[in-house]
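Chemist: Sharing my_file_28.cif (mmCIF, C-alpha atoms) below.
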```cif
data_query
loop_
_atom_site.label_atom_id
_atom_site.label_comp_id
_atom_site.auth_asym_id
_atom_site.auth_seq_id
_atom_site.Cartn_x
_atom_site.Cartn_y
_atom_site.Cartn_z
CA MET W 1 -8.15 -14.96 55.10
CA ASP W 2 -9.41 -17.32 57.81
CA PHE W 3 -10.96 -20.61 56.74
CA SER W 4 -11.43 -21.96 60.27
CA LEU W 5 -14.88 -22.68 61.70
CA THR W 6 -16.21 -21.08 64.85
CA ASP W 7 -16.96 -23.17 67.93
CA ASP W 8 -20.69 -22.89 67.20
CA GLN W 9 -20.23 -24.01 63.60
CA ARG W 10 -18.17 -27.03 64.66
CA LEU W 11 -20.76 -27.93 67.28
CA ILE W 12 -23.56 -27.87 64.69
CA ARG W 13 -21.53 -29.96 62.25
CA ASP W 14 -20.54 -32.55 64.85
CA THR W 15 -24.01 -32.78 66.42
CA VAL W 16 -25.69 -33.40 63.07
CA ARG W 17 -23.01 -35.90 62.05
CA GLN W 18 -23.50 -37.91 65.23
CA PHE W 19 -27.27 -37.89 64.79
CA MET W 20 -27.10 -39.00 61.16
CA ASP W 21 -24.68 -41.84 61.91
CA ALA W 22 -26.63 -43.07 64.93
CA GLU W 23 -30.26 -42.46 63.97
CA VAL W 24 -30.43 -42.43 60.18
CA ARG W 25 -27.66 -44.58 58.71
CA PRO W 26 -29.07 -47.88 60.10
CA THR W 27 -32.41 -47.37 58.32
CA ILE W 28 -31.52 -45.69 55.03
CA ARG W 29 -31.25 -48.79 52.81
CA VAL W 30 -34.62 -50.15 53.92
CA ARG W 31 -36.32 -46.77 53.54
CA ASP W 32 -34.82 -46.34 50.08
CA ARG W 33 -36.24 -49.69 48.96
CA GLU W 34 -39.62 -48.92 50.47
CA GLU W 35 -39.55 -45.28 49.30
CA LYS W 36 -40.48 -44.28 52.85
CA PHE W 37 -40.43 -40.58 53.69
CA ALA W 38 -38.33 -39.88 56.78
CA SER W 39 -41.03 -38.08 58.78
CA ALA W 40 -39.85 -39.17 62.23
CA GLU W 41 -36.19 -38.46 61.53
CA LEU W 42 -36.99 -35.02 60.10
CA ARG W 43 -39.01 -34.16 63.20
CA LYS W 44 -36.02 -35.05 65.36
CA LEU W 45 -33.76 -32.89 63.21
CA GLY W 46 -36.33 -30.14 63.62
CA GLU W 47 -35.98 -30.48 67.38
CA LEU W 48 -32.23 -29.97 66.90
CA GLY W 49 -32.96 -26.71 65.05
CA CYS W 50 -32.23 -27.96 61.53
CA CYS W 51 -35.55 -26.83 60.04
CA GLY W 52 -35.16 -23.20 61.08
CA MET W 53 -31.46 -22.54 60.65
CA LEU W 54 -32.00 -19.17 58.92
CA VAL W 55 -34.96 -18.11 61.08
CA PRO W 56 -34.25 -15.54 63.82
CA GLU W 57 -34.39 -16.78 67.41
CA SER W 58 -37.29 -14.41 68.06
CA TRP W 59 -39.41 -16.58 65.77
CA GLY W 60 -38.21 -19.88 67.19
CA GLY W 61 -35.32 -20.48 64.80
CA ALA W 62 -31.63 -21.08 65.32
CA GLY W 63 -30.64 -17.65 64.00
CA ALA W 64 -27.56 -19.26 62.44
CA ASP W 65 -25.36 -17.98 59.64
CA THR W 66 -25.37 -19.54 56.19
CA ILE W 67 -22.05 -21.33 56.80
CA SER W 68 -23.70 -23.22 59.67
CA TYR W 69 -26.65 -23.97 57.42
CA VAL W 70 -24.54 -25.51 54.64
CA LEU W 71 -22.51 -27.49 57.19
CA MET W 72 -25.77 -28.98 58.46
CA LEU W 73 -26.92 -29.87 54.94
CA GLU W 74 -23.58 -31.44 54.08
CA GLU W 75 -23.67 -33.71 57.11
CA VAL W 76 -27.26 -34.77 56.39
CA ALA W 77 -26.56 -35.44 52.69
CA ARG W 78 -23.43 -37.41 53.59
CA VAL W 79 -25.81 -40.10 54.87
CA ASP W 80 -29.22 -39.37 53.30
CA ALA W 81 -29.51 -36.94 50.39
CA SER W 82 -33.31 -37.16 50.36
CA MET W 83 -33.49 -35.75 53.87
CA ALA W 84 -31.10 -32.98 52.89
CA VAL W 85 -33.31 -31.76 50.05
CA ALA W 86 -36.38 -31.79 52.32
CA LEU W 87 -34.49 -29.63 54.80
CA SER W 88 -33.08 -27.37 52.10
CA VAL W 89 -36.52 -26.57 50.71
CA THR W 90 -38.03 -25.99 54.15
CA ASN W 91 -35.21 -23.70 55.23
CA SER W 92 -34.37 -21.62 52.18
CA LEU W 93 -37.49 -21.78 50.01
CA ALA W 94 -40.27 -21.73 52.63
CA ALA W 95 -39.07 -20.31 55.96
CA PHE W 96 -36.61 -17.74 54.63
CA PRO W 97 -39.08 -15.93 52.33
CA LEU W 98 -41.42 -15.61 55.32
CA VAL W 99 -38.62 -13.99 57.31
CA LYS W 100 -37.93 -11.47 54.58
CA TYR W 101 -41.27 -10.88 52.85
CA GLY W 102 -43.90 -12.18 55.26
CA THR W 103 -46.24 -10.00 57.26
CA GLU W 104 -46.23 -10.09 61.03
CA SER W 105 -49.35 -12.28 61.08
CA GLN W 106 -47.88 -14.66 58.47
CA ARG W 107 -44.67 -15.04 60.45
CA LYS W 108 -46.56 -15.62 63.67
CA LYS W 109 -48.74 -18.29 62.06
CA TYR W 110 -46.10 -20.27 60.18
CA LEU W 111 -42.52 -19.53 61.24
CA PRO W 112 -42.41 -21.14 64.72
CA ARG W 113 -43.94 -24.36 63.39
CA LEU W 114 -41.55 -24.46 60.44
CA ALA W 115 -38.54 -23.66 62.62
CA HIS W 116 -39.36 -26.40 65.14
CA GLY W 117 -39.91 -29.01 62.45
CA GLU W 118 -43.60 -29.38 63.30
CA ILE W 119 -44.41 -28.76 59.64
CA LEU W 120 -42.43 -28.83 56.39
CA GLY W 121 -42.49 -26.32 53.56
CA ALA W 122 -42.63 -26.69 49.77
CA PHE W 123 -41.84 -24.48 46.78
CA CYS W 124 -44.14 -24.47 43.74
CA LEU W 125 -42.61 -22.77 40.72
CA THR W 126 -41.93 -25.45 38.09
CA GLU W 127 -44.77 -26.50 35.78
CA PRO W 128 -45.10 -29.22 33.13
CA LYS W 129 -44.34 -26.62 30.43
CA ALA W 130 -42.22 -24.17 32.45
CA GLY W 131 -38.93 -25.30 33.97
CA SER W 132 -35.83 -23.21 33.36
CA ASP W 133 -38.00 -20.43 31.91
CA SER W 134 -39.70 -19.41 35.16
CA ALA W 135 -41.47 -16.45 33.57
CA ALA W 136 -43.43 -18.87 31.33
CA ILE W 137 -45.56 -20.28 34.14
CA ALA W 138 -49.25 -20.58 33.28
CA THR W 139 -50.82 -20.95 36.73
CA SER W 140 -53.17 -18.01 37.22
CA ALA W 141 -54.45 -16.17 40.27
CA LYS W 142 -57.57 -14.04 39.82
CA ARG W 143 -58.71 -11.81 42.61
CA HIS W 144 -62.33 -11.88 43.76
CA GLY W 145 -62.76 -9.46 46.65
CA ASN W 146 -60.44 -10.54 49.42
CA VAL W 147 -59.75 -13.98 47.90
CA TYR W 148 -57.49 -15.13 45.05
CA CYS W 149 -58.58 -18.13 42.95
CA LEU W 150 -55.63 -20.16 41.72
CA ASN W 151 -55.85 -22.40 38.66
CA GLY W 152 -53.03 -24.46 37.17
CA THR W 153 -50.62 -27.31 37.77
CA LYS W 154 -47.22 -27.40 39.48
CA SER W 155 -44.80 -30.28 39.00
CA TRP W 156 -41.76 -31.69 40.78
CA VAL W 157 -42.83 -30.19 44.10
CA THR W 158 -40.35 -31.39 46.74
CA ASN W 159 -42.12 -32.34 50.00
CA GLY W 160 -45.37 -32.39 48.03
CA GLY W 161 -48.04 -34.24 49.99
CA GLU W 162 -45.93 -33.99 53.16
CA ALA W 163 -45.68 -30.21 53.56
CA ALA W 164 -48.21 -28.06 55.41
CA LEU W 165 -47.19 -24.83 53.67
CA TYR W 166 -46.64 -24.29 49.95
CA VAL W 167 -45.03 -21.17 48.47
CA VAL W 168 -46.87 -20.96 45.14
CA PHE W 169 -46.15 -18.64 42.22
CA ALA W 170 -48.96 -17.62 39.86
CA LYS W 171 -49.74 -14.92 37.33
CA THR W 172 -52.01 -12.20 38.65
CA ASP W 173 -51.51 -10.09 35.51
CA PRO W 174 -50.71 -12.24 32.43
CA SER W 175 -50.33 -9.12 30.25
CA ALA W 176 -47.38 -7.95 32.38
CA GLY W 177 -45.23 -10.99 31.61
CA SER W 178 -42.57 -11.61 34.24
CA GLN W 179 -43.76 -8.56 36.16
CA GLY W 180 -47.19 -10.08 36.61
CA ILE W 181 -46.18 -13.00 38.84
CA THR W 182 -47.19 -13.05 42.51
CA ALA W 183 -46.27 -15.38 45.40
CA PHE W 184 -48.81 -16.99 47.72
CA LEU W 185 -48.77 -19.05 50.92
CA VAL W 186 -51.06 -22.02 50.33
CA GLU W 187 -52.17 -24.66 52.79
CA PRO W 188 -53.21 -28.11 51.54
CA SER W 189 -56.55 -27.70 53.35
CA PHE W 190 -57.55 -24.79 51.07
CA PRO W 191 -60.47 -25.70 48.75
CA GLY W 192 -59.25 -26.61 45.28
CA PHE W 193 -55.80 -27.92 46.34
CA ARG W 194 -55.05 -31.48 45.22
CA VAL W 195 -51.98 -33.72 44.97
CA THR W 196 -52.58 -35.53 41.69
CA ARG W 197 -49.58 -37.86 41.53
CA TYR W 198 -46.06 -38.61 42.72
CA GLU W 199 -43.02 -38.93 40.46
CA ASP W 200 -41.39 -42.36 40.10
CA LYS W 201 -37.79 -41.21 40.25
CA MET W 202 -34.35 -42.61 39.51
CA GLY W 203 -32.90 -41.33 42.78
CA LEU W 204 -33.89 -39.52 45.99
CA ARG W 205 -36.47 -42.27 46.34
CA THR W 206 -37.47 -41.30 49.89
CA SER W 207 -38.05 -37.66 48.93
CA ARG W 208 -41.55 -36.80 47.75
CA SER W 209 -41.82 -35.09 44.37
CA ALA W 210 -45.44 -34.36 43.60
CA GLU W 211 -47.64 -32.88 40.93
CA ILE W 212 -50.17 -30.49 42.44
CA THR W 213 -53.29 -29.15 40.76
CA PHE W 214 -55.12 -25.97 41.76
CA THR W 215 -58.75 -25.81 40.67
CA ASP W 216 -60.32 -22.53 41.77
CA CYS W 217 -58.14 -22.89 44.85
CA GLU W 218 -59.21 -20.19 47.28
CA VAL W 219 -56.33 -18.30 48.87
CA PRO W 220 -57.11 -15.45 51.29
CA GLU W 221 -55.62 -12.06 50.47
CA GLY W 222 -53.76 -12.28 53.77
CA ASN W 223 -51.81 -15.22 52.36
CA ARG W 224 -50.26 -13.24 49.52
CA LEU W 225 -46.49 -13.13 50.05
CA GLY W 226 -45.12 -9.70 49.22
CA GLU W 227 -46.84 -7.42 46.75
CA GLU W 228 -48.58 -8.26 43.49
CA GLY W 229 -46.05 -8.53 40.68
CA GLN W 230 -43.16 -9.17 43.07
CA GLY W 231 -43.26 -12.94 42.68
CA LEU W 232 -40.50 -13.55 40.13
CA LYS W 233 -38.12 -11.28 42.03
CA ILE W 234 -38.81 -13.30 45.19
CA ALA W 235 -38.43 -16.61 43.34
CA LEU W 236 -35.08 -15.73 41.78
CA GLU W 237 -33.70 -14.46 45.06
CA LEU W 238 -34.79 -17.65 46.80
CA LEU W 239 -33.22 -19.79 44.10
CA ASP W 240 -29.87 -18.09 44.74
CA GLY W 241 -29.96 -19.34 48.32
CA GLY W 242 -31.46 -22.65 47.29
CA ARG W 243 -28.58 -23.28 44.90
CA VAL W 244 -26.08 -22.82 47.71
CA GLY W 245 -27.99 -25.44 49.68
CA ILE W 246 -28.07 -27.86 46.75
CA ALA W 247 -24.33 -27.36 46.25
CA ALA W 248 -23.83 -28.27 49.91
CA GLN W 249 -25.96 -31.35 49.33
CA ALA W 250 -23.63 -32.31 46.46
CA VAL W 251 -20.57 -31.92 48.70
CA GLY W 252 -22.23 -34.10 51.34
CA ILE W 253 -23.07 -36.91 48.91
CA ALA W 254 -19.52 -36.80 47.54
CA GLN W 255 -18.02 -36.86 51.03
CA GLY W 256 -20.09 -39.89 51.92
CA ALA W 257 -19.00 -41.64 48.72
CA LEU W 258 -15.33 -40.84 49.42
CA GLU W 259 -15.50 -42.15 52.98
CA ALA W 260 -17.19 -45.37 51.84
CA SER W 261 -14.62 -45.82 49.05
CA ALA W 262 -11.61 -45.23 51.27
CA ALA W 263 -12.93 -47.70 53.84
CA TYR W 264 -13.62 -50.30 51.14
CA ALA W 265 -10.16 -49.81 49.60
CA LYS W 266 -8.55 -50.58 52.98
CA GLN W 267 -10.37 -53.87 53.49
CA ARG W 268 -10.96 -55.31 50.00
CA ARG W 269 -8.10 -57.56 48.93
CA ALA W 270 -6.97 -58.61 45.44
CA PHE W 271 -3.76 -60.25 44.22
CA GLY W 272 -2.51 -60.61 47.78
CA LYS W 273 -2.92 -56.97 48.87
CA THR W 274 -5.61 -54.42 49.62
CA ILE W 275 -6.87 -52.61 46.55
CA GLY W 276 -5.83 -49.37 48.23
CA ASP W 277 -2.26 -50.41 47.59
CA PHE W 278 -2.80 -50.10 43.84
CA GLN W 279 -1.94 -46.78 42.22
CA ALA W 280 -5.11 -46.82 40.11
CA ILE W 281 -7.28 -46.77 43.24
CA GLN W 282 -5.04 -44.25 45.00
CA TRP W 283 -5.31 -41.82 42.12
CA MET W 284 -9.09 -42.08 42.04
CA LEU W 285 -9.29 -41.40 45.76
CA ALA W 286 -6.88 -38.48 45.47
CA ASP W 287 -8.92 -36.91 42.67
CA MET W 288 -12.13 -37.41 44.62
CA GLN W 289 -10.83 -35.70 47.74
CA THR W 290 -9.28 -32.82 45.81
CA GLU W 291 -12.49 -32.09 43.91
CA ILE W 292 -14.58 -32.26 47.09
CA GLU W 293 -12.34 -29.74 48.83
CA ALA W 294 -12.48 -27.40 45.84
CA ALA W 295 -16.29 -27.58 45.77
CA ARG W 296 -16.52 -27.07 49.53
CA VAL W 297 -14.53 -23.83 49.26
CA LEU W 298 -16.89 -22.55 46.54
CA VAL W 299 -19.91 -23.45 48.66
CA HIS W 300 -18.53 -21.82 51.81
CA ASN W 301 -17.56 -18.71 49.86
CA ALA W 302 -21.09 -18.39 48.45
CA ALA W 303 -22.55 -18.94 51.93
CA TRP W 304 -20.25 -16.30 53.44
CA LEU W 305 -21.05 -13.90 50.62
CA ARG W 306 -24.78 -14.42 51.09
CA ASP W 307 -24.57 -13.26 54.70
CA LYS W 308 -22.20 -10.42 53.86
CA LEU W 309 -24.34 -8.98 51.06
CA ARG W 310 -27.54 -9.49 53.06
CA ASP W 311 -26.06 -7.44 55.91
CA GLU W 312 -25.25 -4.72 53.38
CA GLY W 313 -28.76 -4.78 51.93
CA ALA W 314 -27.87 -6.44 48.59
CA PRO W 315 -30.21 -9.45 48.12
CA ARG W 316 -28.66 -11.32 45.18
CA ILE W 317 -25.52 -13.43 45.08
CA GLY W 318 -26.34 -14.86 41.61
CA PRO W 319 -23.00 -15.81 40.02
CA ALA W 320 -21.40 -16.98 43.29
CA ALA W 321 -24.32 -19.34 43.94
CA SER W 322 -24.22 -20.51 40.32
CA ARG W 323 -20.48 -21.23 40.44
CA ALA W 324 -20.92 -23.26 43.61
CA LYS W 325 -23.85 -25.27 42.25
CA LEU W 326 -22.30 -25.77 38.81
CA TYR W 327 -19.00 -27.09 40.07
CA ALA W 328 -20.39 -29.06 43.01
CA GLY W 329 -23.09 -30.64 40.85
CA GLU W 330 -20.67 -31.73 38.16
CA MET W 331 -18.12 -32.77 40.79
CA VAL W 332 -20.43 -35.08 42.73
CA ASN W 333 -21.32 -37.01 39.58
CA ARG W 334 -17.64 -37.60 38.86
CA VAL W 335 -17.00 -38.65 42.45
CA VAL W 336 -19.86 -41.13 42.72
CA TYR W 337 -18.84 -42.64 39.37
CA LYS W 338 -15.38 -43.33 40.80
CA ALA W 339 -16.91 -44.63 44.03
CA VAL W 340 -18.93 -47.26 42.16
CA GLN W 341 -15.85 -48.16 40.11
CA ILE W 342 -13.74 -48.64 43.25
CA HIS W 343 -16.40 -50.91 44.73
CA GLY W 344 -16.56 -52.98 41.54
CA SER W 345 -19.54 -55.32 41.30
CA GLN W 346 -20.49 -54.52 44.89
CA GLY W 347 -20.87 -50.89 43.89
CA TYR W 348 -23.50 -51.96 41.35
CA SER W 349 -25.49 -53.78 44.01
CA ARG W 350 -28.45 -52.31 45.87
CA GLU W 351 -26.70 -53.59 49.01
CA SER W 352 -24.07 -50.82 48.79
CA ASP W 353 -24.48 -47.22 49.83
CA VAL W 354 -22.57 -45.92 46.81
CA GLU W 355 -25.15 -47.38 44.41
CA ARG W 356 -27.80 -45.21 46.08
CA MET W 357 -25.46 -42.21 46.11
CA TYR W 358 -24.86 -42.69 42.37
CA ARG W 359 -28.61 -42.45 41.73
CA ASP W 360 -29.14 -39.59 44.16
CA ALA W 361 -26.36 -37.45 42.69
CA ARG W 362 -27.67 -37.40 39.13
CA VAL W 363 -30.39 -34.84 39.75
CA ILE W 364 -28.01 -32.27 41.24
CA THR W 365 -27.12 -30.92 37.78
CA ILE W 366 -30.82 -30.56 36.93
CA TYR W 367 -32.96 -29.19 39.75
CA GLU W 368 -32.94 -25.62 41.07
CA GLY W 369 -31.38 -24.60 37.77
CA THR W 370 -29.59 -26.93 35.34
CA SER W 371 -25.84 -26.75 34.83
CA GLU W 372 -26.51 -25.05 31.52
CA ILE W 373 -28.52 -22.29 33.21
CA GLN W 374 -25.75 -21.83 35.79
CA ARG W 375 -23.23 -21.39 32.98
CA LEU W 376 -25.46 -18.74 31.39
CA ILE W 377 -25.66 -16.80 34.65
CA ILE W 378 -21.91 -16.98 35.20
CA ALA W 379 -21.07 -16.01 31.62
CA ARG W 380 -23.50 -13.10 31.52
CA ASP W 381 -21.98 -11.65 34.67
CA LEU W 382 -18.49 -12.19 33.31
CA LEU W 383 -19.22 -10.40 30.01
CA ARG W 384 -21.30 -7.44 31.15
CA PRO W 385 -19.58 -4.07 31.74
CA ALA W 386 -17.99 -3.65 35.16
CA SER W 387 -20.41 -0.87 36.04
CA GLU W 388 -23.34 -3.26 35.52
CA ALA W 389 -21.97 -6.34 37.30
CA THR W 390 -24.63 -7.82 39.56
CA GLN W 391 -22.32 -9.31 42.15
CA ARG W 392 -19.61 -7.64 44.16
CA ASN W 393 -17.50 -9.91 46.30
CA PRO W 394 -16.20 -7.93 49.28
CA ARG W 395 -13.13 -10.19 49.33
CA ASP W 396 -11.95 -8.88 46.00
CA ILE W 397 -12.89 -6.80 42.99
CA SER W 398 -15.38 -8.56 40.76
CA THR W 399 -14.44 -10.85 37.94
CA ALA W 400 -15.99 -8.41 35.50
CA GLN W 401 -13.70 -5.65 36.73
CA ARG W 402 -10.63 -7.83 36.32
CA VAL W 403 -11.61 -8.89 32.82
CA SER W 404 -12.39 -5.32 31.72
CA GLY W 405 -9.10 -4.08 33.13
#
```
What is this structure when it is put down as structure tokens?

Modeler:
Amino acid sequence: MDFSLTDDQRLIRDTVRQFMDAEVRPTIRVRDREEKFASAELRKLGELGCCGMLVPESWGGAGADTISYVLMLEEVARVDASMAVALSVTNSLAAFPLVKYGTESQRKKYLPRLAHGEILGAFCLTEPKAGSDSAAIATSAKRHGNVYCLNGTKSWVTNGGEAALYVVFAKTDPSAGSQGITAFLVEPSFPGFRVTRYEDKMGLRTSRSAEITFTDCEVPEGNRLGEEGQGLKIALELLDGGRVGIAAQAVGIAQGALEASAAYAKQRRAFGKTIGDFQAIQWMLADMQTEIEAARVLVHNAAWLRDKLRDEGAPRIGPAASRAKLYAGEMVNRVVYKAVQIHGSQGYSRESDVERMYRDARVITIYEGTSEIQRLIIARDLLRPASEATQRNPRDISTAQRVSG
């Protein structure tokens, strides 16, 4: 069992870390106050290959493994969580489905531009009345010759208003329930596409979250992604990978909070000594680091498993992704709480980085599947018969097998 990183993985991690510290850290507080989207910084990260990590080199991507991808996201989120979620959506929810399900013409048209960071992607599944229950979406897509007309509203669209490509899910056959959902590649220039408003959020203030309305939005047949009725299958598979990315984002935020807290504990003095000399502070820091390392192992295991199962032709990593997101999401909220506590009144000030991290971390247990949904996925896999278990970890027999004896 080898936990060491390859030379390429270390190079990616170190390169992104240096960029974030030099190019992004000096501007993050001002951008957070102004709610300014990091367009220029994201383009530079695109030039470094961060927008096409999972895209093959033949299509202009980095052709990297998922471990490299989560290392990149962690280093970005360590400084700016909003940028990390923009990259996560572009990589795993826009570019990756094109790699797997796109036609040759679709890949040729969109993948190189996504991979180079020339454009960003967005993922449109959630609706005002359909969140955790993805099959309950109401957006419809009716075919008229070689064009689909989309009608409906999507909410909480990350990169909304900034993206040039939207992966949109709509019902082509409402009578078929979850089997009647189809995926489409929509450009904002298509007639009937409109950004209606932006969310005023607690955290991730420099990340765009938009509501988008489709009114007889005309989508060419050539922009259907996959086959009719295949949409929910595509969406759930993408969310598996997306959850690994969000878990990496959680680890990155927590790592940034730990580093800020340790540095503050070394320089802040009280009662004639640094506060790091007090056992209360030491124990908080020790708990923070231990939980971060535990979450990182879960994230790296899910990333490794994603590549392993993909190579073997098995698309879903469900429970492994859910375990990583569940623990990392809960962990980061505990860590940032301690970080604010260590900083005292300064931690409550908008002048501190940990105040922003505290706000940014809260959504991790909500988006791309709430903690409660992750627990359902994990428990269902744990309790189903061994012969029906959805996930097989090549490192060991499955949990279901162990439980069933």

Chemist: Take the PyMOL selection byres ((chain W and resi 220) around 12), run it mentally on this structure, and tell me the resulting residues as a PyMOL selection string.

Modeler: chain W and resi 106+141-150+184-187+190-191+217-219+221-225

Chemist: Name every residue that the PyMOL selection byres ((chain W and resi 98-104) around 12) selects in this structure, writing the answer as an MDAnalysis selection string with chains first and numbers rising.

Modeler: chainID W and resid 52:61 63 90:97 105:112 114:115 121 165:167 183:185 221:227 230:231 233:235 237:238 310 313 315

Chemist: What separation in Å, quoted to one decimal, exists between CA of Ser88 (chain W) and CA of Ile119 (chain W)?

Modeler: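 It comes out at 13.7 Å.
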
Chemist: Provide the CA of His300 (chain W) to CA of Ile12 (chain W) distance in Å, to one decimal place.

Modeler: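 These two atoms are separated by 15.1 Å.
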
Chemist: Would you kindly translate the PyMOL selection byres ((chain W and resi 81) around 12) into the concrete residues it picks from this file, as a VMD selection string?

Modeler: chain W and resid 20 24 to 25 28 32 37 to 38 72 to 80 82 to 88 203 to 207 245 to 257 353 to 354 356 to 364

Chemist: Hey, which of W:Ile342, W:Ala286, W:Leu298, W:Ile292 ends up closest to Ser261 (chain W)? Count all atoms listed in the file.

Modeler: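 Result for the nearest residue to Ser261 (chain W): W:Ile342.
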
Chemist: Can you tell me which residues surround Thr6 (chain W) at a distance of at most 12 Å, considering only C-alpha atoms, apart from same-chain residues fewer than 5 positions away, and format the answer as number ranges by chain?

Modeler: W: 11-13, 64-65, 67-68, 71

Chemist: Quick one: write out the picked residues with C-alpha atoms as a compact mmCIF listing (two decimals), in the frame of the given file?

Modeler:
```
# COMPACT_ATOMS: atom_id res chain seq x y z
CA LEU W 11 -20.76 -27.93 67.28
CA ILE W 12 -23.56 -27.87 64.69
CA ARG W 13 -21.53 -29.96 62.25
CA ALA W 64 -27.56 -19.26 62.44
CA ASP W 65 -25.36 -17.98 59.64
CA ILE W 67 -22.05 -21.33 56.80
CA SER W 68 -23.70 -23.22 59.67
CA LEU W 71 -22.51 -27.49 57.19
```

Chemist: Give me, please, the distance in Å between CA of Gln179 (chain W) and CA of Ala130 (chain W), quoted to one decimal.

Modeler: 16.1 Å

Chemist: List the residues sitting within 12 Å of (-25.3, -22.2, 35.5) in the file's frame, using all atoms listed in the file, as a PyMOL selection string.

Modeler: chain W and resi 132+239-240+243+247+318-330+364-381

Chemist: Counting all atoms listed in the file, what is within 12 Å of Leu285 (chain W), bar same-chain residues fewer than 6 positions away, as a list of chain:residue names?

Modeler: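 The residues satisfying every condition are W:Ala254, W:Gln255, W:Ala257, W:Leu258, W:Glu259, W:Ala260, W:Ser261, W:Ala262, W:Ala263, W:Tyr264, W:Ala265, W:Lys266, W:Ile275, W:Gly276, W:Asp277, W:Phe278, W:Gln279, W:Glu291, W:Ile292, W:Arg334, W:Val335, W:Val336, W:Tyr337, W:Lys338, W:Ala339, W:Val340, W:Gln341, W:Ile342, W:His343.
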
Chemist: Looking at all atoms listed in the file, which of W:Ala136, W:Thr196, W:Val332, W:Pro128 is the one that sits closest to Ser175 (chain W)?

Modeler: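 So, comparing all the options, the nearest one is W:Ala136.
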
Chemist: Using only C-alpha atoms, which residue out of W:Ala138, W:Ala280, W:Val30, W:Ala163 lies closest to Glu118 (chain W)?

Modeler: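 Answer, going by the shortest atom-to-atom distance: W:Ala163.
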
Chemist: Between W:Thr66, W:Asn333, W:Ser155, W:Gln282, which has the minimum distance to Gly242 (chain W) (counting only C-alpha atoms)?

Modeler: W:Thr66

Chemist: Using all atoms listed in the file, can you list as a list of chain:residue names the residues within 7 Å of (-52.9, -21.4, 38.2)?

Modeler: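 Residues with an atom close enough to that point: W:Ala138, W:Thr139, W:Ser140, W:Ala141, W:Leu150, W:Asn151, W:Gly152, W:Thr153, W:Ala170, W:Phe214.
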
Chemist: Tell me which of W:Arg197, W:Arg29, W:Asp133, W:Arg269 sits closest to Ser349 (chain W), counting all atoms listed in the file.

Modeler: W:Arg29

Chemist: For region 191-200 of chain W, write N, CA, C and O atoms out as a PDB file, in the first residue's frame.

Modeler:
```
ATOM      1  N   PRO W 191     -31.575  30.908 -28.794  1.00  0.00           N
ATOM      2  CA  PRO W 191     -32.821  31.653 -28.531  1.00  0.00           C
ATOM      3  C   PRO W 191     -33.607  31.023 -27.382  1.00  0.00           C
ATOM      4  O   PRO W 191     -33.770  29.805 -27.319  1.00  0.00           O
ATOM      5  N   GLY W 192     -34.078  31.856 -26.472  1.00  0.00           N
ATOM      6  CA  GLY W 192     -34.877  31.368 -25.350  1.00  0.00           C
ATOM      7  C   GLY W 192     -34.095  31.105 -24.081  1.00  0.00           C
ATOM      8  O   GLY W 192     -34.675  30.711 -23.063  1.00  0.00           O
ATOM      9  N   PHE W 193     -32.772  31.344 -24.107  1.00  0.00           N
ATOM     10  CA  PHE W 193     -31.921  31.166 -22.912  1.00  0.00           C
ATOM     11  C   PHE W 193     -31.815  32.511 -22.212  1.00  0.00           C
ATOM     12  O   PHE W 193     -31.498  33.532 -22.836  1.00  0.00           O
ATOM     13  N   ARG W 194     -32.043  32.524 -20.892  1.00  0.00           N
ATOM     14  CA  ARG W 194     -31.961  33.796 -20.162  1.00  0.00           C
ATOM     15  C   ARG W 194     -31.541  33.584 -18.722  1.00  0.00           C
ATOM     16  O   ARG W 194     -32.097  32.711 -18.030  1.00  0.00           O
ATOM     17  N   VAL W 195     -30.541  34.326 -18.278  1.00  0.00           N
ATOM     18  CA  VAL W 195     -30.169  34.368 -16.858  1.00  0.00           C
ATOM     19  C   VAL W 195     -31.112  35.351 -16.180  1.00  0.00           C
ATOM     20  O   VAL W 195     -31.107  36.544 -16.499  1.00  0.00           O
ATOM     21  N   THR W 196     -31.924  34.854 -15.256  1.00  0.00           N
ATOM     22  CA  THR W 196     -32.960  35.711 -14.662  1.00  0.00           C
ATOM     23  C   THR W 196     -32.521  36.391 -13.374  1.00  0.00           C
ATOM     24  O   THR W 196     -33.010  37.471 -13.046  1.00  0.00           O
ATOM     25  N   ARG W 197     -31.625  35.753 -12.621  1.00  0.00           N
ATOM     26  CA  ARG W 197     -31.127  36.413 -11.413  1.00  0.00           C
ATOM     27  C   ARG W 197     -29.925  35.650 -10.863  1.00  0.00           C
ATOM     28  O   ARG W 197     -29.655  34.512 -11.250  1.00  0.00           O
ATOM     29  N   TYR W 198     -29.217  36.317  -9.936  1.00  0.00           N
ATOM     30  CA  TYR W 198     -28.091  35.700  -9.242  1.00  0.00           C
ATOM     31  C   TYR W 198     -28.424  35.582  -7.758  1.00  0.00           C
ATOM     32  O   TYR W 198     -29.069  36.468  -7.184  1.00  0.00           O
ATOM     33  N   GLU W 199     -27.977  34.503  -7.146  1.00  0.00           N
ATOM     34  CA  GLU W 199     -28.229  34.283  -5.721  1.00  0.00           C
ATOM     35  C   GLU W 199     -27.341  35.197  -4.872  1.00  0.00           C
ATOM     36  O   GLU W 199     -26.163  35.406  -5.174  1.00  0.00           O
ATOM     37  N   ASP W 200     -27.918  35.737  -3.807  1.00  0.00           N
ATOM     38  CA  ASP W 200     -27.171  36.528  -2.826  1.00  0.00           C
ATOM     39  C   ASP W 200     -26.800  35.581  -1.690  1.00  0.00           C
ATOM     40  O   ASP W 200     -27.619  35.294  -0.815  1.00  0.00           O
TER      41      ASP W 200
END
```
